[in-house]
Amino acid sequence: MTERVQVLVVGAGLGGLSASLFLAREGVDVLTVERHAGTSVHSRAAGQNWRTMELFHWAGIDREVLEVSPRASQGLRITVATSLAGRVLHQLMEDGSEFDVSASTTLPAGMAGQDVVEPILLAHAEKAGARVRFRTELVDLTQDDDGVAATLRHRDSGEETVVRADYVVAADGGRSGIRQRLGIGTTGMDALSHCLGVVFDADLGDRVRPGVTDLFYLQHPDFTAGLVNTDVPNRYVFAPDYFPDRGESPADFDHDRLVSMIRAATDLPELAPEIVWTGSWEIAARLADSFRSGRVFLIGDAAKVTPPTGGQGGNTAVGDGADIAWKLAAVLRGEAGPALLDTYEAERKPIARMIIDTSLHNMKQRMHPDLDVSGLTEPEDMLNAVLGFRYRSTAVLAEEPDDGARVEDIHAPSGRPGFRAPGLESTVDLLGHSWVLLCTGGEWDRAAADVAAETGIRLECHVLDDIASRYGLTAGGASLVRPDGIVAWRAKEPVEDPAGELWRVLTAVLSR
Ligand SMILES: Cc1cc2nc3c(=O)[nH]c(=O)nc-3n(C[C@H](O)[C@H](O)[C@H](O)COP(=O)(O)OP(=O)(O)OC[C@H]3O[C@@H](n4cnc5c(N)ncnc54)[C@H](O)[C@@H]3O)c2cc1C
C-alpha cells in the first residue's frame with residue numbers, strides 16, 4: 001500500500017531538519033528522508049544569527065543551542081591581514097560589541113557548529129512527531145494536481161517504496177537533484193573559488209585571541225586563506241584557496257606543503273601542527289530561477305548557494321524552513337488559500353539575492369580584491385539584512401508610500417508591515433506560535449476573539465502598554481503579527497470596526 005504523508009522533506013541538513021521541526025510543531029504529518037546515515041559530521045555553518053535564534057526560541061531549542069555554543073557570549077573578531085602577525089588590511093570587527101541589536105531583539109546569537117545543532121533539531125523534530133529516515137534517498141518524483149508521488153530507496157536493502165505527499169520540501173542541498181529533476185535552472189557563478197578545509201591542532205599562543213571566535217582572512221603573498229579557531233582548544237580550521245585553472249588540485253597539497261603554509265600563515269616557522277582532517281569544497285554563488293514547481297518547494301542550499309563570507313548559508317536555510325512550514329501548515333489546515341504558498345518565493349528569493357550579493361561584496365573585500373562585483377545589487381549592512389529585512393508579498397498589507405528599501409536600520413525598527421515585529425522583552429514569548437494582534441487597548445481583544453471563533457484561524461490578542469513607540473502605534477492602535485513574527489498589517493490609530501478590519505486583512509493576507 002502506498003504510504004501517505006502531508007509533507008515529505010528531502011534532506012536532513014539545517015534546512016530540512018528546521019522545516020521538519022517547524023512543520024511537526026504545527027501538527028503537520030511530516031516524513032523526512034536523508035541519504036546519509038546521520039546528521040552532518042562536520043561543523044561547516046558555525047553561527048546562529050539573531051533571527052535564527054528567534055526562530056529557535058519559538059521552537060523551544062534556543063537554550064540547548066546556546067549550551068553547545070561555548071563561545072557565543074564572548075565575541076567575534078574578524079581581521080583581514082597578510083598573516084596572523086602580519087599587516088592588518090582591515091579590522092572588520094574588534095570583538096563583536098559592535099553588534100548592538102538591543103532595539104531589535106533581546107535574544108543572544110549562537111556560535112554552535114552544524115554538527116551539534118543538527119542533532120538538536122533532529123531530536124526535537126522527532127519529539128514533535130516528525131518521522132525521519134536515514135539512509136533513505138529520493139530517486140524519483142512525479143506530481144499531479146492532487147499531490148506528489150516520490151520513490152524512495154533504502155540504501156542498504158535497495159528496497160524502493162512510493163510515498164504520496166501533498167507537498168514536498170526539497171532541502172537536498174546545493175546540488176539538489178530535485179531542482180535538476182524539475183528543470184529549474186540557476187543563475188550566478190558556479191566555481192567562484194575552490195578551497196581546502198584543513199583542521200589542525202597546534203598551540204598558536206597569543207596569535208589568536210582565546211575565548212572569542214577569531215576569524216582571519218589572509219591575503220598572504222603566496223596564498224589566500226581563511227583561518228579560524230574552533231570550540232575545541234588548540235584546534236583550528238585553515239582554508240587556503242587552490243586554483244584548478246592553474247592546474248592545481250587538492251592532491252597537490254600534501255602534508256608537508258600544508259604544514260609550511262600553516263607556518264607561513266601563523267608566522268610560527270617552528271610550528272608542528274597536527275593535521276586531523278582535510279577536505280575541499282567549491283565556493284559558489286547560485287540562485288535558483290524559481291523556488292517552486294507546483295507542489296515542490298526548494299529551500300536552503302537547493303534554492304541558493306551563497307559564499308561563506310557572511311556566514312548566512314545555514315541561517316537562511318533555517319529561515320526558509322520556517323517560512324515554508326507555517327505557510328504549508330496554514331494551507332493544510334484550511335486557514336489559508338493555496339495562493340499563500342506563492343508568497344514563499346516572493347518573500348524568500350529577494351532575501352537570498354540580498355545575502356548572496358552582500359556576501360560577494362564581502363568576499364571581494366576580504367579575500368579576492370579582483371572579484372568582479374559589477375552587476376550585483378549594492379551590499380547591505382549584514383545586521384540590517386539579518387534582522388531588518390523586508391518582505392513584500394500578498395501576505396503583507398504594505399503601507400504607502402514604499403520607500404523601496406530592502407532593509408531598515410535595526411537600531412530604529414519601525415514596526416511597519418513587512419518587517420520583523422521588534423522583539424521586546426514583553427513580546428518575544430507571545431509571538432511565533434500563532435497570529436498575534438498586539439494592541440495598546442480599545443476594542444481589539446473582543447474583535448480578535450470573534451474573528452478567531454468565526455474563521456478558525458489561530459489568532460491571539462494581547463494588550464501591552466510598552467509597544468506603542470516601537471510598533472509605531474498611537475493609543476488604541478494595533479499590529480497584526482504573522483506566525484513567523486513579521487508584521488502583516490497595522491492600524492496606527494483606532495478604527496471604527498475592528499472586527500471588520502481584521503476580517504478584511506486576514507482574508508487578504510491569507511489568500512482566503
Ligand atoms: C566550509 C563551509 C562553511 C560554512 N560556514 C557557514 C557559516 O558560518 N554560517 C552559515 O550560516 N552557513 C555556512 N555554511 C553554509 C551551510 O553549511 C549551508 O548553507 C547549509 O548546510 C545548507 O543547509 P541545507 O539543509 O540547505 O543543505 P545541506 O546541509 O547540504 O543538506 C542537504 C542534505 O540533503 C541530503 N540529500 C541530497 N539529496 C538527497 C536525496 N535525493 N535523498 C535524500 N537526501 C538527500 C544530503 O545528504 C544532505 O544531508 C558553510 C558551508 C561550508 C561548506
# chains A, B, ... in the order shown; residues from 1 in each chain; ligands from 1
call {"tool": "select_by_dssp", "arguments": {"residues": "range 293-432 of chain A", "states": "strand (DSSP E or B)", "output": "JSON, numbers by chain"}}
result
{"A": [293, 296, 297, 298, 304, 305, 389, 390, 407, 419, 420]}
call {"tool": "write_last_selection", "arguments": {"atoms": "all heavy atoms", "output": "short mmCIF file (atom, residue, chain, number, x, y, z; two decimals), in the first residue's frame"}}
result
data_model
loop_
_atom_site.label_atom_id
_atom_site.label_comp_id
_atom_site.auth_asym_id
_atom_site.auth_seq_id
_atom_site.Cartn_x
_atom_site.Cartn_y
_atom_site.Cartn_z
N SER A 293 8.08 24.54 -7.90
CA SER A 293 7.46 23.98 -9.10
C SER A 293 6.26 23.19 -8.62
O SER A 293 6.42 22.15 -7.96
CB SER A 293 8.45 23.09 -9.85
OG SER A 293 7.77 22.43 -10.89
N VAL A 296 6.16 21.39 -5.13
CA VAL A 296 7.52 21.17 -4.59
C VAL A 296 8.19 22.52 -4.35
O VAL A 296 8.19 23.38 -5.23
CB VAL A 296 8.36 20.33 -5.58
CG1 VAL A 296 9.72 20.02 -4.97
CG2 VAL A 296 7.63 19.05 -5.97
N PHE A 297 8.76 22.69 -3.17
CA PHE A 297 9.39 23.95 -2.78
C PHE A 297 10.86 23.71 -2.48
O PHE A 297 11.20 22.79 -1.74
CB PHE A 297 8.69 24.53 -1.53
CG PHE A 297 7.26 24.85 -1.80
CD1 PHE A 297 6.28 23.88 -1.69
CD2 PHE A 297 6.89 26.13 -2.22
CE1 PHE A 297 4.95 24.16 -1.98
CE2 PHE A 297 5.56 26.42 -2.50
CZ PHE A 297 4.59 25.44 -2.39
N LEU A 298 11.71 24.54 -3.05
CA LEU A 298 13.15 24.44 -2.78
C LEU A 298 13.49 25.32 -1.59
O LEU A 298 13.08 26.48 -1.54
CB LEU A 298 13.96 24.94 -3.97
CG LEU A 298 13.68 24.36 -5.35
CD1 LEU A 298 14.65 24.98 -6.37
CD2 LEU A 298 13.82 22.85 -5.35
N LYS A 304 19.43 28.39 -3.06
CA LYS A 304 20.53 29.32 -3.31
C LYS A 304 21.77 28.87 -2.55
O LYS A 304 21.69 28.34 -1.44
CB LYS A 304 20.18 30.76 -2.90
CG LYS A 304 19.89 30.98 -1.44
CD LYS A 304 21.05 31.52 -0.68
CE LYS A 304 20.87 31.40 0.81
NZ LYS A 304 20.38 30.14 1.32
N VAL A 305 22.90 29.11 -3.19
CA VAL A 305 24.17 28.85 -2.51
C VAL A 305 24.88 30.18 -2.41
O VAL A 305 24.98 30.91 -3.40
CB VAL A 305 25.02 27.84 -3.30
CG1 VAL A 305 26.39 27.68 -2.65
CG2 VAL A 305 24.31 26.49 -3.37
N PHE A 389 15.33 42.89 7.61
CA PHE A 389 14.90 42.56 6.24
C PHE A 389 13.41 42.85 6.05
O PHE A 389 12.64 42.92 7.01
CB PHE A 389 15.18 41.09 5.93
CG PHE A 389 14.45 40.13 6.83
CD1 PHE A 389 13.18 39.69 6.52
CD2 PHE A 389 15.03 39.67 8.01
CE1 PHE A 389 12.50 38.82 7.35
CE2 PHE A 389 14.35 38.80 8.86
CZ PHE A 389 13.08 38.38 8.52
N ARG A 390 13.06 42.99 4.78
CA ARG A 390 11.66 43.34 4.48
C ARG A 390 11.05 42.34 3.51
O ARG A 390 11.69 41.95 2.55
CB ARG A 390 11.65 44.72 3.83
CG ARG A 390 10.31 45.15 3.33
CD ARG A 390 10.49 46.39 2.46
NE ARG A 390 9.55 47.41 2.85
CZ ARG A 390 9.74 48.71 2.67
NH1 ARG A 390 10.83 49.15 2.12
NH2 ARG A 390 8.84 49.58 3.06
N VAL A 407 15.88 46.91 3.41
CA VAL A 407 16.07 46.67 4.84
C VAL A 407 15.79 47.96 5.59
O VAL A 407 15.72 49.04 4.99
CB VAL A 407 17.53 46.24 5.16
CG1 VAL A 407 17.89 44.95 4.46
CG2 VAL A 407 18.52 47.33 4.82
N PHE A 419 8.18 44.08 7.92
CA PHE A 419 9.39 43.96 8.73
C PHE A 419 9.13 43.09 9.96
O PHE A 419 7.98 42.85 10.33
CB PHE A 419 9.86 45.35 9.18
CG PHE A 419 10.37 46.20 8.05
CD1 PHE A 419 9.53 47.11 7.42
CD2 PHE A 419 11.67 46.08 7.60
CE1 PHE A 419 9.98 47.89 6.36
CE2 PHE A 419 12.14 46.86 6.55
CZ PHE A 419 11.29 47.77 5.92
N ARG A 420 10.23 42.65 10.59
CA ARG A 420 10.09 41.87 11.83
C ARG A 420 9.41 42.71 12.90
O ARG A 420 9.73 43.89 13.06
CB ARG A 420 11.47 41.47 12.38
CG ARG A 420 12.01 40.16 11.92
CD ARG A 420 13.37 39.90 12.55
NE ARG A 420 13.32 39.78 14.00
CZ ARG A 420 13.70 40.71 14.86
NH1 ARG A 420 14.17 41.87 14.45
NH2 ARG A 420 13.63 40.49 16.15
#
call {"tool": "residues_near_ligand", "arguments": {"ligand": "ligand 1", "cutoff": "7 Å", "atoms": "only C-alpha atoms and all ligand atoms", "output": "NGL selection string"}}
result
:A and (10-16 or 33-36 or 39-40 or 44-48 or 136-139 or 171-174 or 176-177 or 197 or 281 or 299-302 or 305 or 308 or 311-317)
call {"tool": "closest_atom_pairs", "arguments": {"of": "range 312-387 of chain A", "to": "range 185-194 of chain A", "cutoff": "12 Å", "atoms": "only C-alpha atoms", "output": "Markdown table"}}
result
| residue | atom | partner | partner_atom | distance |
| --- | --- | --- | --- | --- |
| A:Ala352 | CA | A:Gly188 | CA | 12.0 |
| A:Arg353 | CA | A:Gly188 | CA | 10.1 |
| A:Ile356 | CA | A:Gly188 | CA | 9.4 |
| A:Asp357 | CA | A:Gly188 | CA | 10.1 |
| A:Leu360 | CA | A:Leu192 | CA | 9.6 |
| A:Met363 | CA | A:Leu192 | CA | 10.0 |
| A:Lys364 | CA | A:Leu192 | CA | 11.1 |
| A:Met367 | CA | A:Ser193 | CA | 10.2 |
| A:His368 | CA | A:Ser193 | CA | 9.4 |
| A:Asp370 | CA | A:Leu192 | CA | 11.7 |
| A:Leu371 | CA | A:Leu192 | CA | 8.9 |
| A:Asp372 | CA | A:Leu192 | CA | 10.5 |
| A:Val373 | CA | A:Met189 | CA | 11.2 |
| A:Gly375 | CA | A:Gly188 | CA | 11.0 |
| A:Leu376 | CA | A:Gly188 | CA | 10.2 |
call {"tool": "closest_atom_pairs", "arguments": {"of": "range 40-86 of chain A", "to": "range 119-124 of chain A", "cutoff": "8 Å", "atoms": "only C-alpha atoms", "output": "CSV"}}
result
residue,atom,partner,partner_atom,distance
A:Ile61,CA,A:Ile120,CA,7.4
A:Glu64,CA,A:Ile120,CA,7.4
A:Val65,CA,A:Ile120,CA,7.4
call {"tool": "residues_around", "arguments": {"residues": "Leu227 in chain A", "least_positions_apart": "3", "cutoff": "8 Å", "atoms": "only C-alpha atoms", "output": "PyMOL selection string"}}
result
chain A and resi 215-218+236-239
call {"tool": "select_by_dssp", "arguments": {"residues": "range 117-201 of chain A", "states": "alpha helix (DSSP H)", "output": "PyMOL selection string"}}
result
chain A and resi 117-127+177-181
call {"tool": "closest_residue", "arguments": {"among": "A:Val101, A:Asp231, A:Leu8, A:Ser43", "to": "Leu152 in chain A", "atoms": "only C-alpha atoms"}}
result
A:Leu8
call {"tool": "residues_around", "arguments": {"residues": "Ala330 in chain A", "least_positions_apart": "2", "cutoff": "10 Å", "atoms": "only C-alpha atoms", "output": "list in words"}}
result
Glu26, Val28, Ile324, Ala325, Trp326, Lys327, Leu328, Leu332, Arg333, Gly334, Glu335, Ala336, Gly337, Pro338, Leu340, Leu341, Ile457, Arg458, Pro483 and Leu510 of chain A
call {"tool": "residues_around", "arguments": {"residues": "range 68-71 of chain A", "least_positions_apart": "2", "cutoff": "6 Å", "atoms": "only C-alpha atoms", "output": "compact mmCIF listing (two decimals) with C-alpha atoms, in the first residue's frame"}}
result
# COMPACT_ATOMS: atom_id res chain seq x y z
CA VAL A 65 21.80 25.54 21.10
CA LEU A 66 23.40 28.10 23.41
CA SER A 73 28.76 35.25 24.53
CA GLN A 74 32.43 36.04 24.20
CA GLY A 110 24.64 31.40 18.91
CA MET A 111 28.01 30.18 17.75
CA ALA A 112 27.44 26.45 17.51
CA VAL A 212 36.36 34.79 21.18
call {"tool": "atom_distance", "arguments": {"atom1": "CA of Ala59 in chain A", "atom2": "CA of Phe22 in chain A"}}
result
7.0 Å
call {"tool": "residues_around", "arguments": {"residues": "Pro379 in chain A", "least_positions_apart": "3", "cutoff": "8 Å", "atoms": "only C-alpha atoms", "output": "PyMOL selection string"}}
result
chain A and resi 354+357-359+361
call {"tool": "atom_distance", "arguments": {"atom1": "CA of Trp277 in chain A", "atom2": "CA of Leu89 in chain A"}}
result
29.4 Å
